[in-house]
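Trainee: There's a structure below that I have some questions on.
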Amino acid sequence: MTRVALVPGVLAILPAYASIEDPVAELRAACLDAVSWLGREVTVLADDQGTRIAAHLLDVTDQAHDEPSYLVVANGSATRTEKAPGHFDARAEAFDRELGHSLRAGRPDVDAVLADELWASVGALSAMRELSPLGPAQVDYDAAPFGVQYWVMRWTGTQ
């Protein structure tokens with residue numbers, strides 16, 4: 001059995017970006033729960049920023065299982081509102097809805113060109129497709145604070 005967890009690569013999760021009021025407390029809690037569910041030996045699938053997030057999350061959690069595990073760091077569009085990092089793009093909501101649907105099914109499907117235009121950090125999802133077959137996702141978090149779509153999900157697979 002393989003365990004796979006998806007968390008977003010949001011820098012606000014790192015202690016260096018902490019503030020007096022925690023704007024991502026619910027997201028951080030979901031990330032920590034998902035990462036602690038992984039096995040002891042974790043393969044990280046992420047870009048450079050995602051690798052920083054993964055290292056922090058793995059350092060502050062205990063993994064108690066022996067199953068092979070993967071931590072995927074990716075997020076949807078960053079163009080959901082005018083105040084989003086990439087400003088507003090009317091295509092963002094539909095993109096995130098379709099990507100979220102494919103993630104829930106355990107078969108991530110991404111239009112890489114559109115993802116780039118919408119500032120979505122989805123490079124690690126192509127490597128995740130190699131982990132199939134994955135079962136349906138357990139969704140721990142699904143929201144777009146700050147105009148950026150974040151998911152925390154978990155899957156088990158037979159690989």
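Each chain in the structure tokens gets a letter, A, B and so on, in the order shown; residues start at 1 in every chain, and ligands are counted from 1 in the order they appear.
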If you take only C-alpha atoms and a cut-off of 6 Å, which residues of stretch 72-94 of chain A touch stretch 106-122 of chain A, and what are their nearest atom pairs and distances in Å to one decimal, in chain and number order, as a Markdown table?
Mentor:
| residue | atom | partner | partner_atom | distance |
| --- | --- | --- | --- | --- |
| A:Ala74 | CA | A:Val122 | CA | 5.0 |
| A:Asn75 | CA | A:Ser121 | CA | 5.2 |
| A:Gly76 | CA | A:Ala120 | CA | 4.7 |
| A:Ser77 | CA | A:Ala120 | CA | 4.1 |
| A:Ala78 | CA | A:Trp119 | CA | 5.2 |
| A:Thr79 | CA | A:Leu118 | CA | 5.8 |
Trainee: Taking C-alpha atoms for each residue, export the selection above as an mmCIF file, in the first residue's frame.
Mentor:
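So selection.cif came out as:
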data_model
loop_
_atom_site.group_PDB
_atom_site.id
_atom_site.type_symbol
_atom_site.label_atom_id
_atom_site.label_comp_id
_atom_site.auth_asym_id
_atom_site.auth_seq_id
_atom_site.Cartn_x
_atom_site.Cartn_y
_atom_site.Cartn_z
ATOM 1 C CA ALA A 74 1.204 21.872 -5.466
ATOM 2 C CA ASN A 75 -1.662 24.342 -5.571
ATOM 3 C CA GLY A 76 -4.270 25.647 -7.954
ATOM 4 C CA SER A 77 -4.568 29.060 -9.520
ATOM 5 C CA ALA A 78 -3.338 32.242 -7.879
ATOM 6 C CA THR A 79 -5.709 34.431 -9.904
#
Trainee: Give me the residues within 9 Å of A:Val35 as number ranges by chain, counting only C-alpha atoms and dropping any in the same chain fewer than 5 places off.
Mentor: A: 5-7, 30, 54, 57-58, 61-63, 71
Trainee: Work out how far apart atom CA of A:Arg28 and atom CA of A:Val139 are and give it in Å to one decimal.
Mentor: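 Those two atoms sit 14.2 Å apart.
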Trainee: Measuring atom to atom with only C-alpha atoms, identify which of A:Thr81, A:Gln138, A:Gln149, A:Thr2 is nearest to A:Ala34.
Mentor: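 Ranking A:Thr81, A:Gln138, A:Gln149, A:Thr2 by distance to A:Ala34, first place goes to A:Gln138.
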Trainee: If you run DSSP on the backbone here, which positions in stretch 21-99 of chain A get strand (DSSP E or B)? Please write them as a ChimeraX atom specification.
Mentor: /A:39,42-45,65,69-73,75
